[in-house]
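J.: Sharing work.cif below, mmCIF, C-alpha atoms and all ligand atoms:
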data_work
#
loop_
_atom_site.label_atom_id
_atom_site.label_comp_id
_atom_site.auth_asym_id
_atom_site.auth_seq_id
_atom_site.Cartn_x
_atom_site.Cartn_y
_atom_site.Cartn_z
CA MET D 1 -110.49 101.48 85.83
CA LEU D 2 -112.93 104.37 85.58
CA LYS D 3 -110.98 107.62 85.37
CA VAL D 4 -110.79 110.86 83.43
CA SER D 5 -108.61 111.17 80.36
CA ASP D 6 -104.95 112.10 80.64
CA ARG D 7 -105.89 115.28 78.81
CA ILE D 8 -108.16 116.47 81.60
CA ALA D 9 -106.01 115.06 84.38
CA ALA D 10 -103.06 117.12 83.12
CA MET D 11 -105.08 120.33 83.17
CA GLU D 12 -105.18 122.79 86.06
CA ILE D 13 -108.48 124.14 87.36
CA SER D 14 -108.79 127.83 86.45
CA PRO D 15 -107.33 129.51 89.57
CA THR D 16 -109.10 132.80 88.93
CA LEU D 17 -112.49 131.13 88.80
CA ALA D 18 -111.62 128.79 91.69
CA MET D 19 -110.65 131.69 93.96
CA SER D 20 -113.81 133.53 93.02
CA GLN D 21 -115.89 130.44 93.83
CA LYS D 22 -114.13 130.11 97.18
CA SER D 23 -114.96 133.69 98.11
CA ARG D 24 -118.58 133.15 97.01
CA GLU D 25 -118.77 130.14 99.34
CA MET D 26 -117.30 132.12 102.24
CA LYS D 27 -119.84 134.88 101.60
CA ALA D 28 -122.64 132.30 101.65
CA GLN D 29 -121.41 131.26 105.10
CA GLY D 30 -121.90 134.83 106.24
CA ILE D 31 -118.22 135.85 106.10
CA ASP D 32 -117.69 139.39 104.84
CA VAL D 33 -115.23 138.64 102.02
CA ILE D 34 -114.10 141.31 99.57
CA ASN D 35 -113.47 139.67 96.24
CA LEU D 36 -110.49 141.11 94.37
CA SER D 37 -109.84 137.82 92.61
CA VAL D 38 -111.94 137.61 89.50
CA GLY D 39 -111.41 139.99 86.64
CA GLU D 40 -114.82 141.17 85.59
CA PRO D 41 -116.41 144.61 85.53
CA ASP D 42 -118.70 145.17 88.51
CA PHE D 43 -120.92 147.34 86.28
CA ASN D 44 -124.12 146.04 84.74
CA THR D 45 -124.62 145.65 81.01
CA PRO D 46 -125.76 148.97 79.42
CA ASP D 47 -129.54 149.38 79.09
CA HIS D 48 -129.62 149.67 75.31
CA VAL D 49 -127.86 146.29 75.07
CA LYS D 50 -130.37 144.69 77.44
CA LYS D 51 -133.22 146.14 75.36
CA ALA D 52 -131.73 144.67 72.18
CA ALA D 53 -131.68 141.26 73.86
CA GLN D 54 -135.32 141.63 74.92
CA GLN D 55 -136.20 142.56 71.35
CA ALA D 56 -134.28 139.54 70.03
CA ILE D 57 -136.35 137.28 72.27
CA GLU D 58 -139.54 138.96 71.03
CA ASP D 59 -138.34 138.52 67.45
CA ASN D 60 -137.83 134.79 68.05
CA TYR D 61 -134.06 134.64 67.94
CA SER D 62 -134.52 131.24 69.47
CA HIS D 63 -132.99 129.13 66.72
CA TYR D 64 -129.44 128.11 65.90
CA SER D 65 -127.42 130.90 64.37
CA PRO D 66 -124.97 130.18 61.55
CA VAL D 67 -121.99 128.39 63.17
CA PRO D 68 -119.57 131.37 62.89
CA GLY D 69 -122.25 133.83 64.03
CA PHE D 70 -125.04 135.94 62.55
CA VAL D 71 -123.93 138.05 59.60
CA GLU D 72 -125.26 141.14 61.45
CA LEU D 73 -122.80 140.54 64.28
CA ARG D 74 -119.88 139.60 62.06
CA GLN D 75 -120.53 142.75 60.01
CA ALA D 76 -120.65 144.76 63.25
CA VAL D 77 -117.23 143.29 64.15
CA VAL D 78 -115.87 144.17 60.69
CA ASN D 79 -117.19 147.73 61.15
CA LYS D 80 -115.71 147.97 64.63
CA LEU D 81 -112.28 146.81 63.45
CA LYS D 82 -112.33 149.44 60.70
CA ARG D 83 -113.74 152.24 62.83
CA GLU D 84 -111.66 151.74 65.97
CA ASN D 85 -108.54 150.00 64.71
CA ASN D 86 -108.35 150.88 61.01
CA LEU D 87 -108.10 147.18 60.21
CA ASP D 88 -109.63 145.63 57.09
CA PHE D 89 -111.32 142.28 57.48
CA THR D 90 -114.21 140.62 55.64
CA VAL D 91 -117.22 138.98 57.26
CA ASP D 92 -115.97 135.46 56.47
CA GLN D 93 -112.80 136.16 58.46
CA ILE D 94 -114.80 136.64 61.65
CA VAL D 95 -115.86 133.77 63.92
CA VAL D 96 -118.06 134.47 66.94
CA SER D 97 -117.74 132.09 69.91
CA ASN D 98 -118.80 131.60 73.52
CA GLY D 99 -116.43 134.18 74.94
CA ALA D 100 -112.89 135.10 73.96
CA LYS D 101 -111.76 132.10 75.97
CA GLN D 102 -113.34 129.78 73.41
CA SER D 103 -111.99 131.95 70.60
CA ILE D 104 -108.45 131.37 71.88
CA ALA D 105 -109.08 127.64 72.31
CA ASN D 106 -110.50 127.39 68.77
CA ALA D 107 -107.54 129.21 67.26
CA MET D 108 -105.06 127.10 69.21
CA MET D 109 -106.73 123.81 68.29
CA SER D 110 -106.83 124.95 64.68
CA VAL D 111 -103.12 125.57 64.21
CA VAL D 112 -101.18 123.56 66.81
CA ASN D 113 -100.12 119.94 66.33
CA LYS D 114 -98.72 117.69 69.02
CA GLY D 115 -95.33 118.96 70.12
CA ASP D 116 -95.57 122.34 68.38
CA GLU D 117 -94.23 125.19 70.47
CA VAL D 118 -96.28 128.23 71.41
CA ILE D 119 -94.32 131.21 72.72
CA ILE D 120 -96.04 133.03 75.59
CA PRO D 121 -94.60 136.08 77.33
CA SER D 122 -94.77 135.55 81.09
CA PRO D 123 -96.58 136.70 83.26
CA PHE D 124 -99.49 135.39 81.19
CA TRP D 125 -103.21 134.88 81.62
CA VAL D 126 -103.99 131.60 83.42
CA SER D 127 -105.87 129.87 80.63
CA TYR D 128 -103.17 130.27 77.97
CA SER D 129 -101.02 127.48 79.37
CA GLU D 130 -103.93 125.08 79.76
CA ILE D 131 -105.34 125.77 76.30
CA VAL D 132 -101.93 125.04 74.77
CA LYS D 133 -101.82 121.79 76.74
CA LEU D 134 -105.28 120.86 75.52
CA ALA D 135 -104.06 121.33 71.95
CA GLU D 136 -101.11 119.05 72.81
CA GLY D 137 -98.68 121.86 72.17
CA THR D 138 -95.74 122.91 74.33
CA ALA D 139 -95.81 126.35 75.91
CA VAL D 140 -92.49 128.19 75.83
CA TYR D 141 -92.51 131.00 78.38
CA VAL D 142 -90.46 134.13 77.92
CA PRO D 143 -90.05 135.82 81.29
CA ALA D 144 -90.48 139.57 81.64
CA ASN D 145 -90.01 140.98 85.13
CA LEU D 146 -91.14 144.13 86.91
CA ASP D 147 -88.00 146.05 85.86
CA GLN D 148 -88.90 145.60 82.19
CA ASP D 149 -92.52 146.54 82.87
CA PHE D 150 -93.42 142.87 82.32
CA LYS D 151 -92.84 143.21 78.55
CA ILE D 152 -90.51 141.04 76.49
CA THR D 153 -87.80 142.45 74.23
CA PRO D 154 -87.32 141.53 70.56
CA GLU D 155 -84.07 139.76 71.52
CA GLN D 156 -85.91 137.59 74.03
CA LEU D 157 -88.52 136.74 71.41
CA GLU D 158 -85.93 135.77 68.84
CA ASN D 159 -84.02 133.62 71.34
CA ALA D 160 -87.19 131.67 72.09
CA ILE D 161 -87.98 130.86 68.46
CA THR D 162 -87.05 127.37 67.23
CA ALA D 163 -87.88 125.27 64.19
CA ASN D 164 -90.88 123.98 66.16
CA THR D 165 -92.43 127.36 66.94
CA LYS D 166 -95.96 127.41 65.59
CA ALA D 167 -97.57 130.35 67.35
CA PHE D 168 -97.10 133.34 69.63
CA LEU D 169 -99.85 134.31 72.11
CA PHE D 170 -99.96 137.49 74.17
CA SER D 171 -102.34 140.07 75.62
CA SER D 172 -101.99 143.85 75.44
CA PRO D 173 -103.35 145.45 77.60
CA SER D 174 -102.16 142.53 79.67
CA ASN D 175 -103.90 140.37 82.18
CA PRO D 176 -102.39 140.12 84.83
CA THR D 177 -99.86 143.00 84.62
CA GLY D 178 -101.84 145.85 83.04
CA SER D 179 -98.88 146.58 80.75
CA LEU D 180 -99.34 147.84 77.20
CA TYR D 181 -97.02 147.39 74.25
CA SER D 182 -96.57 150.72 72.45
CA LYS D 183 -96.69 150.90 68.65
CA GLU D 184 -92.88 151.03 68.57
CA GLU D 185 -92.56 148.02 70.86
CA LEU D 186 -94.98 146.04 68.69
CA LYS D 187 -93.06 147.05 65.57
CA ALA D 188 -89.83 145.80 67.13
CA LEU D 189 -91.47 142.39 67.70
CA VAL D 190 -92.85 142.45 64.14
CA ASP D 191 -89.32 142.98 62.81
CA VAL D 192 -88.45 139.62 64.38
CA PHE D 193 -91.58 137.85 63.12
CA VAL D 194 -90.85 139.00 59.57
CA LYS D 195 -87.84 136.67 59.61
CA TYR D 196 -90.02 133.70 60.60
CA PRO D 197 -92.97 133.56 58.20
CA ASP D 198 -94.47 130.34 59.59
CA ILE D 199 -95.40 131.68 63.03
CA VAL D 200 -99.05 132.55 63.68
CA ILE D 201 -99.43 135.59 65.96
CA MET D 202 -102.39 135.45 68.35
CA SER D 203 -103.17 138.87 69.77
CA ASP D 204 -105.59 138.90 72.70
CA GLU D 205 -107.09 142.40 72.77
CA ILE D 206 -109.96 141.78 75.18
CA TYR D 207 -108.86 144.75 77.38
CA GLU D 208 -108.64 147.13 74.42
CA HIS D 209 -111.13 149.59 75.87
CA ILE D 210 -109.53 149.70 79.30
CA ASN D 211 -106.47 151.70 78.38
CA TYR D 212 -105.40 154.82 80.29
CA VAL D 213 -102.70 156.17 78.00
CA GLY D 214 -104.30 156.61 74.62
CA ALA D 215 -105.32 154.76 71.51
CA HIS D 216 -105.24 150.99 71.42
CA GLU D 217 -102.43 149.57 69.30
CA SER D 218 -103.04 146.24 67.59
CA ILE D 219 -100.18 144.17 66.20
CA ALA D 220 -102.46 143.48 63.20
CA GLN D 221 -101.79 147.05 61.97
CA PHE D 222 -98.46 145.96 60.47
CA ALA D 223 -98.98 144.91 56.86
CA GLU D 224 -95.84 142.73 56.90
CA ILE D 225 -97.50 140.18 59.17
CA LYS D 226 -101.23 140.95 59.02
CA ASP D 227 -101.94 137.80 56.97
CA ARG D 228 -100.97 135.61 59.95
CA VAL D 229 -102.38 137.57 62.87
CA VAL D 230 -105.42 136.30 64.78
CA VAL D 231 -107.06 139.20 66.64
CA ILE D 232 -109.01 137.97 69.65
CA ASN D 233 -111.59 140.23 71.27
CA GLY D 234 -115.10 140.22 72.68
CA VAL D 235 -117.69 142.15 74.62
CA SER D 236 -116.99 140.81 78.15
CA LYS D 237 -114.74 143.56 79.47
CA GLY D 238 -115.42 146.69 77.44
CA TYR D 239 -119.21 146.35 77.61
CA ALA D 240 -119.62 144.67 81.03
CA MET D 241 -121.01 141.53 79.38
CA THR D 242 -119.02 138.67 80.91
CA GLY D 243 -122.08 136.48 81.44
CA TRP D 244 -123.36 136.86 77.89
CA ARG D 245 -120.40 134.80 76.63
CA ILE D 246 -119.60 136.45 73.32
CA GLY D 247 -116.08 136.64 71.95
CA TYR D 248 -114.69 136.65 68.44
CA ILE D 249 -111.65 136.28 66.26
CA ALA D 250 -110.65 138.16 63.14
CA ALA D 251 -108.27 135.85 61.36
CA PRO D 252 -106.78 134.67 58.09
CA LEU D 253 -109.51 132.81 56.19
CA TRP D 254 -107.91 129.39 56.61
CA ILE D 255 -107.90 129.79 60.41
CA ALA D 256 -111.43 131.25 60.48
CA LYS D 257 -112.67 128.26 58.45
CA ALA D 258 -110.92 125.81 60.76
CA CYS D 259 -112.44 127.46 63.84
CA GLY D 260 -115.89 127.30 62.23
CA LYS D 261 -115.38 123.61 61.47
CA LEU D 262 -114.32 122.92 65.05
CA GLN D 263 -117.15 124.78 66.72
CA GLY D 264 -119.64 123.27 64.27
CA GLN D 265 -118.88 119.99 66.01
CA MET D 266 -118.33 121.31 69.53
CA THR D 267 -120.88 124.05 70.30
CA SER D 268 -122.82 124.90 67.10
CA GLY D 269 -121.98 128.54 67.79
CA ALA D 270 -122.94 131.09 70.41
CA SER D 271 -126.31 132.07 71.90
CA SER D 272 -128.55 133.80 69.35
CA VAL D 273 -129.94 136.31 71.86
CA ALA D 274 -126.49 137.19 73.19
CA GLN D 275 -125.27 137.72 69.62
CA MET D 276 -128.03 140.23 68.92
CA ALA D 277 -127.24 142.00 72.19
CA SER D 278 -123.61 142.19 71.07
CA VAL D 279 -124.62 143.87 67.80
CA ALA D 280 -126.16 146.63 69.92
CA ALA D 281 -123.02 146.80 72.06
CA LEU D 282 -120.69 147.20 69.09
CA GLU D 283 -122.91 149.45 66.94
CA GLY D 284 -124.72 151.47 69.60
CA ASP D 285 -123.80 154.29 71.94
CA GLN D 286 -120.22 153.84 73.16
CA SER D 287 -120.47 156.33 76.03
CA THR D 288 -120.88 153.69 78.77
CA THR D 289 -117.67 152.01 77.64
CA VAL D 290 -115.91 155.34 78.02
CA SER D 291 -117.46 156.09 81.40
CA MET D 292 -116.56 152.63 82.72
CA ARG D 293 -113.00 153.14 81.51
CA ASN D 294 -112.88 156.49 83.31
CA ALA D 295 -114.19 154.89 86.50
CA PHE D 296 -111.51 152.17 86.30
CA HIS D 297 -108.89 154.86 85.75
CA LYS D 298 -109.92 156.72 88.90
CA ARG D 299 -109.95 153.50 90.90
CA ARG D 300 -106.54 152.56 89.54
CA ASP D 301 -105.09 155.84 90.81
CA LEU D 302 -106.71 155.52 94.23
CA ALA D 303 -105.82 151.87 94.68
CA LEU D 304 -102.26 152.36 93.48
CA ALA D 305 -101.63 155.20 95.93
CA GLN D 306 -103.02 153.09 98.80
CA LEU D 307 -101.17 149.95 97.81
CA LYS D 308 -97.84 151.78 97.71
CA GLU D 309 -98.24 152.32 101.46
CA ILE D 310 -98.10 148.58 102.13
CA PRO D 311 -94.70 147.42 103.33
CA GLY D 312 -93.21 144.69 101.12
CA PHE D 313 -95.35 145.51 98.07
CA GLU D 314 -93.30 146.75 95.15
CA ILE D 315 -95.48 148.09 92.38
CA ARG D 316 -95.41 150.09 89.16
CA GLU D 317 -98.27 151.86 87.47
CA PRO D 318 -100.33 149.59 85.22
CA LYS D 319 -101.44 151.35 82.03
CA GLY D 320 -104.54 149.32 81.24
CA ALA D 321 -106.88 146.44 82.19
CA PHE D 322 -108.08 146.42 85.82
CA TYR D 323 -105.40 144.60 87.75
CA LEU D 324 -102.65 145.55 90.17
CA PHE D 325 -99.74 143.15 90.16
CA PRO D 326 -97.37 143.97 93.02
CA GLN D 327 -94.16 142.07 93.57
CA VAL D 328 -94.48 140.66 97.08
CA SER D 329 -91.42 138.39 97.40
CA GLU D 330 -89.90 140.65 100.04
CA LEU D 331 -92.51 139.23 102.43
CA PHE D 332 -91.46 135.62 101.90
CA GLY D 333 -90.00 134.10 105.06
CA LYS D 334 -92.01 136.38 107.38
CA SER D 335 -94.42 134.93 109.94
CA ASN D 336 -97.51 135.67 111.97
CA GLY D 337 -97.17 133.42 115.02
CA SER D 338 -96.60 129.87 113.78
CA LEU D 339 -97.68 130.68 110.22
CA THR D 340 -94.91 131.49 107.75
CA ILE D 341 -95.42 132.99 104.31
CA ASN D 342 -93.15 131.20 101.87
CA SER D 343 -94.87 131.91 98.58
CA SER D 344 -97.43 134.03 96.81
CA THR D 345 -99.95 131.22 97.28
CA ASP D 346 -99.31 131.29 101.04
CA LEU D 347 -99.82 135.05 101.02
CA SER D 348 -103.04 134.83 99.01
CA LEU D 349 -104.46 132.24 101.44
CA TYR D 350 -103.27 134.26 104.43
CA LEU D 351 -105.06 137.35 103.10
CA LEU D 352 -108.21 135.34 102.50
CA GLU D 353 -108.24 133.91 106.01
CA GLN D 354 -106.74 136.80 108.00
CA ALA D 355 -108.16 139.77 106.08
CA ASN D 356 -111.09 138.17 104.24
CA VAL D 357 -109.80 139.56 100.96
CA ALA D 358 -109.65 137.27 97.91
CA THR D 359 -106.69 137.78 95.55
CA VAL D 360 -104.98 135.47 93.05
CA THR D 361 -101.51 134.05 93.56
CA GLY D 362 -98.92 135.14 91.00
CA GLU D 363 -98.04 131.47 90.54
CA ALA D 364 -101.20 131.11 88.46
CA PHE D 365 -99.74 133.60 85.97
CA GLY D 366 -96.19 132.26 85.89
CA ALA D 367 -94.98 134.97 88.31
CA PRO D 368 -94.50 133.37 91.74
CA GLU D 369 -93.05 136.59 93.16
CA CYS D 370 -96.25 138.58 92.47
CA LEU D 371 -99.89 138.77 93.58
CA ARG D 372 -102.88 139.87 91.49
CA LEU D 373 -105.61 142.17 92.77
CA SER D 374 -108.51 143.17 90.56
CA TYR D 375 -109.79 146.70 91.13
CA ALA D 376 -113.03 146.11 89.21
CA THR D 377 -114.88 146.84 92.41
CA SER D 378 -116.24 149.98 94.11
CA GLU D 379 -113.86 152.59 95.54
CA GLU D 380 -115.21 151.93 99.05
CA GLN D 381 -114.72 148.17 98.79
CA MET D 382 -111.24 148.62 97.37
CA ALA D 383 -110.23 151.06 100.12
CA GLU D 384 -111.57 148.70 102.78
CA ALA D 385 -109.80 145.73 101.16
CA ILE D 386 -106.47 147.54 101.11
CA ARG D 387 -106.92 148.69 104.70
CA ARG D 388 -107.46 145.05 105.71
CA ILE D 389 -104.51 143.82 103.64
CA LYS D 390 -102.25 146.44 105.22
CA ALA D 391 -103.30 145.42 108.72
CA ALA D 392 -102.67 141.74 107.96
CA ILE D 393 -99.28 142.43 106.36
CA GLU D 394 -98.20 144.57 109.33
CA LYS D 395 -98.67 141.51 111.53
CA LEU D 396 -96.01 139.65 109.56
CA LYS D 397 -92.64 139.77 111.31
N1 LIG G 1 -108.29 136.88 77.62
C1 LIG G 1 -107.96 137.48 78.75
C2 LIG G 1 -106.59 138.06 78.89
C3 LIG G 1 -108.87 137.55 79.82
O1 LIG G 1 -108.53 138.13 80.96
C4 LIG G 1 -110.15 136.99 79.66
C5 LIG G 1 -111.11 137.10 80.82
N2 LIG G 1 -111.79 136.01 81.16
C6 LIG G 1 -110.44 136.36 78.44
C7 LIG G 1 -109.50 136.33 77.44
C8 LIG G 1 -111.74 135.68 78.16
O2 LIG G 1 -112.83 136.49 78.19
P1 LIG G 1 -114.28 135.97 77.84
O3 LIG G 1 -114.20 134.50 77.62
O4 LIG G 1 -115.12 136.35 79.00
O5 LIG G 1 -114.67 136.70 76.59
N1 LIG G 2 -110.30 136.85 82.84
C1 LIG G 2 -110.80 136.99 84.17
C2 LIG G 2 -109.69 136.76 85.17
O1 LIG G 2 -108.58 136.56 84.79
C3 LIG G 2 -112.01 136.17 84.41
C4 LIG G 2 -111.86 134.77 84.94
C5 LIG G 2 -111.41 133.82 83.92
O2 LIG G 2 -112.05 133.72 82.87
O3 LIG G 2 -110.38 133.19 84.16
O4 LIG G 2 -109.93 136.81 86.34
#
What do you get writing this file as structure tokens?
T.:
Amino acid sequence: MLKVSDRIAAMEISPTLAMSQKSREMKAQGIDVINLSVGEPDFNTPDHVKKAAQQAIEDNYSHYSPVPGFVELRQAVVNKLKRENNLDFTVDQIVVSNGAKQSIANAMMSVVNKGDEVIIPSPFWVSYSEIVKLAEGTAVYVPANLDQDFKITPEQLENAITANTKAFLFSSPSNPTGSLYSKEELKALVDVFVKYPDIVIMSDEIYEHINYVGAHESIAQFAEIKDRVVVINGVSKGYAMTGWRIGYIAAPLWIAKACGKLQGQMTSGASSVAQMASVAALEGDQSTTVSMRNAFHKRRDLALAQLKEIPGFEIREPKGAFYLFPQVSELFGKSNGSLTINSSTDLSLYLLEQANVATVTGEAFGAPECLRLSYATSEEQMAEAIRRIKAAIEKLK
């Protein structure tokens, strides 16, 4: 029988991308949909980055790059990690890939064997679970609810560790919750990891630059565990470069080599032009990154104040990234005519159809009581979206 592999059959379609596609299709039909589903900056790539890409084309960057990336870019990453994070890495510890998503997949495939456990604090970003599945590992979720600001405690971490634990994967600032682990909170987790020297710590820092409370804290700063931390980052969010598809890891050499080996057979590395554009992003003027962060901050404040007015939405202030993650379970069981909302997925579909606002169900992130709204959109669009959501919710009795 002709059919796809069990590996692909067992995988979920990315719900963030699926919802975004659905709203694109509705727009194409002439429906005025406001898309708060996908998490990507609505800003355009800074001009100096675009110019660097044009120059790279002129300079015939049209050939394969070295598999782990051009030395210029890997050196720019090393410089960035020193300058912004005070972390010491060498060029051969950096592997550039087609977005941080591939960086995570490479790292996972490189360390996880069939049946190995990967601990993931929940809520988590949608692709973590599927990437672990692809690597034939078993995801072990550690739940963190709204009352604990969606962050796990050291006790919870330690309780989840078994003899089969191979890796730990988390994001801070977090997608979908916007929570940040403080230096002290990271240190408390490190104190647990110190007792378990065989666990690889994968730290997804893609939202590093979208932080409203101060300096970014990386778990790689702790010398006790640095030799088994994989820092994952990229240019998608901080430089408004989602479509350029450049992400990277900074990792122990053995993991960096394994990732290079894997992508040497899978993709041959990332686009040469996009890599040269990323050098300009990392080494050039950082003021657009700061101004985008400030714009997100203002929108966060406006959207949060408006969202608090919606009956049945319980919300706390996210400290980074560009998502609002209200708890909406109070609305479950309510109806509009013959339609009853029994889950976050029901609510997300109801808002799409009734209010023409695209959101993402919390179920996609392991939090069925919540709903994700991205505020990486203009203030006017956001205000209009929330007005529509409020009107639709008020119809639920
Ligand atoms: N990690 C997190 C938490 C994300 O939200 C994203 C956004 N897509 C990624 C990784 C991947 O980013 P990209 O592949 O665009 O670099
Ligand atoms: N990370 C973004 C999101 O969560 C982009 C979409 C994706 O890559 O899943 O919406």
J.: Can I get the residues of range 102-145 of chain D within 7 Å of range 248-261 of chain D, each with the closest pair of atoms and their distance in Å to one decimal, using all atoms listed in the file, sorted chain first then ascending number, as JSON lines?
T.:
{"residue": "D:Ser103", "atom": "CA", "partner": "D:Tyr248", "partner_atom": "CA", "distance": 5.8}
{"residue": "D:Asn106", "atom": "CA", "partner": "D:Cys259", "partner_atom": "CA", "distance": 5.3}
{"residue": "D:Ala107", "atom": "CA", "partner": "D:Cys259", "partner_atom": "CA", "distance": 6.2}
{"residue": "D:Ser110", "atom": "CA", "partner": "D:Ala258", "partner_atom": "CA", "distance": 5.7}
J.: With the cut-off set at 10 Å and counting all atoms listed in the file, tabulate each residue of chain D with an atom at most that distance from an atom of ligand LIG 1 (chain G), showing the nearest atom pair and its distance in Å to one decimal, ordered by chain and increasing number, as JSON lines.
T.:
{"residue": "D:Thr16", "atom": "CA", "partner": "G:LIG1", "partner_atom": "N2", "distance": 8.8}
{"residue": "D:Leu17", "atom": "CA", "partner": "G:LIG1", "partner_atom": "N2", "distance": 9.1}
{"residue": "D:Val38", "atom": "CA", "partner": "G:LIG1", "partner_atom": "N2", "distance": 8.5}
{"residue": "D:Gly39", "atom": "CA", "partner": "G:LIG1", "partner_atom": "C5", "distance": 6.5}
{"residue": "D:Glu40", "atom": "CA", "partner": "G:LIG1", "partner_atom": "C5", "distance": 7.3}
{"residue": "D:Ser97", "atom": "CA", "partner": "G:LIG1", "partner_atom": "O5", "distance": 8.7}
{"residue": "D:Asn98", "atom": "CA", "partner": "G:LIG1", "partner_atom": "O3", "distance": 6.8}
{"residue": "D:Gly99", "atom": "CA", "partner": "G:LIG1", "partner_atom": "O5", "distance": 3.5}
{"residue": "D:Ala100", "atom": "CA", "partner": "G:LIG1", "partner_atom": "O5", "distance": 3.6}
{"residue": "D:Lys101", "atom": "CA", "partner": "G:LIG1", "partner_atom": "O3", "distance": 3.8}
{"residue": "D:Gln102", "atom": "CA", "partner": "G:LIG1", "partner_atom": "O3", "distance": 6.4}
{"residue": "D:Ser103", "atom": "CA", "partner": "G:LIG1", "partner_atom": "O3", "distance": 7.8}
{"residue": "D:Ile104", "atom": "CA", "partner": "G:LIG1", "partner_atom": "C7", "distance": 7.5}
{"residue": "D:Phe124", "atom": "CA", "partner": "G:LIG1", "partner_atom": "C2", "distance": 7.9}
{"residue": "D:Trp125", "atom": "CA", "partner": "G:LIG1", "partner_atom": "C2", "distance": 5.4}
{"residue": "D:Val126", "atom": "CA", "partner": "G:LIG1", "partner_atom": "C2", "distance": 8.3}
{"residue": "D:Ser127", "atom": "CA", "partner": "G:LIG1", "partner_atom": "N1", "distance": 8.0}
{"residue": "D:Tyr128", "atom": "CA", "partner": "G:LIG1", "partner_atom": "N1", "distance": 8.4}
{"residue": "D:Phe170", "atom": "CA", "partner": "G:LIG1", "partner_atom": "C2", "distance": 8.2}
{"residue": "D:Ser171", "atom": "CA", "partner": "G:LIG1", "partner_atom": "C2", "distance": 5.7}
{"residue": "D:Ser172", "atom": "CA", "partner": "G:LIG1", "partner_atom": "C2", "distance": 8.2}
{"residue": "D:Pro173", "atom": "CA", "partner": "G:LIG1", "partner_atom": "C2", "distance": 8.2}
{"residue": "D:Ser174", "atom": "CA", "partner": "G:LIG1", "partner_atom": "C2", "distance": 6.3}
{"residue": "D:Asn175", "atom": "CA", "partner": "G:LIG1", "partner_atom": "C2", "distance": 4.8}
{"residue": "D:Pro176", "atom": "CA", "partner": "G:LIG1", "partner_atom": "O1", "distance": 7.5}
{"residue": "D:Ser203", "atom": "CA", "partner": "G:LIG1", "partner_atom": "N1", "distance": 9.6}
{"residue": "D:Asp204", "atom": "CA", "partner": "G:LIG1", "partner_atom": "N1", "distance": 6.0}
{"residue": "D:Glu205", "atom": "CA", "partner": "G:LIG1", "partner_atom": "N1", "distance": 7.4}
{"residue": "D:Ile206", "atom": "CA", "partner": "G:LIG1", "partner_atom": "N1", "distance": 5.7}
{"residue": "D:Tyr207", "atom": "CA", "partner": "G:LIG1", "partner_atom": "C2", "distance": 7.2}
{"residue": "D:Ile232", "atom": "CA", "partner": "G:LIG1", "partner_atom": "C7", "distance": 8.0}
{"residue": "D:Asn233", "atom": "CA", "partner": "G:LIG1", "partner_atom": "O5", "distance": 7.1}
{"residue": "D:Gly234", "atom": "CA", "partner": "G:LIG1", "partner_atom": "O5", "distance": 5.3}
{"residue": "D:Val235", "atom": "CA", "partner": "G:LIG1", "partner_atom": "O5", "distance": 6.5}
{"residue": "D:Ser236", "atom": "CA", "partner": "G:LIG1", "partner_atom": "O4", "distance": 4.9}
{"residue": "D:Lys237", "atom": "CA", "partner": "G:LIG1", "partner_atom": "O4", "distance": 7.2}
{"residue": "D:Ala240", "atom": "CA", "partner": "G:LIG1", "partner_atom": "O4", "distance": 9.7}
{"residue": "D:Met241", "atom": "CA", "partner": "G:LIG1", "partner_atom": "O4", "distance": 7.9}
{"residue": "D:Thr242", "atom": "CA", "partner": "G:LIG1", "partner_atom": "O4", "distance": 4.9}
{"residue": "D:Gly243", "atom": "CA", "partner": "G:LIG1", "partner_atom": "O4", "distance": 7.4}
{"residue": "D:Trp244", "atom": "CA", "partner": "G:LIG1", "partner_atom": "O4", "distance": 8.3}
{"residue": "D:Arg245", "atom": "CA", "partner": "G:LIG1", "partner_atom": "O4", "distance": 6.0}
{"residue": "D:Ile246", "atom": "CA", "partner": "G:LIG1", "partner_atom": "O5", "distance": 5.9}
{"residue": "D:Gly247", "atom": "CA", "partner": "G:LIG1", "partner_atom": "O5", "distance": 4.8}
{"residue": "D:Tyr248", "atom": "CA", "partner": "G:LIG1", "partner_atom": "O5", "distance": 8.2}
{"residue": "D:Ala321", "atom": "CA", "partner": "G:LIG1", "partner_atom": "O1", "distance": 8.6}
{"residue": "D:Phe322", "atom": "CA", "partner": "G:LIG1", "partner_atom": "O1", "distance": 9.6}
{"residue": "D:Tyr323", "atom": "CA", "partner": "G:LIG1", "partner_atom": "O1", "distance": 9.9}
J.: Between D:Glu117, D:Arg316, D:Gly362, D:Pro15, which residue has the minimum interatomic distance to ligand LIG 2 (chain G), considering only C-alpha atoms and all ligand atoms?
T.: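 Ranking D:Glu117, D:Arg316, D:Gly362, D:Pro15 by distance to ligand LIG 2 (chain G), first place goes to D:Pro15.
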J.: Kindly indicate which residue among D:Tyr61, D:Phe296, D:Phe313, D:Phe70 lies nearest to Thr377 in chain D, using all atoms listed in the file for the distances.
T.: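 When distances to Thr377 in chain D are compared using all atoms listed in the file, the smallest one comes from D:Phe296.
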J.: Write out as CSV the residues of range 228-317 of chain D that have any atom within 8 Å of an atom of range 208-223 of chain D, one row each with the nearest atom pair and its distance in Å to one decimal, counting only C-alpha atoms, sorted by chain and then rising number.
T.:
residue,atom,partner,partner_atom,distance
D:Val229,CA,D:Ala220,CA,5.9
D:Val230,CA,D:Ala220,CA,7.9
D:Val231,CA,D:Ala220,CA,7.2
D:Lys237,CA,D:His209,CA,7.9
D:Gly238,CA,D:His209,CA,5.4
D:Thr289,CA,D:His209,CA,7.2
D:Val290,CA,D:His209,CA,7.8
D:Arg293,CA,D:Ile210,CA,5.4
D:Phe296,CA,D:Ile210,CA,7.7
D:His297,CA,D:Tyr212,CA,6.5
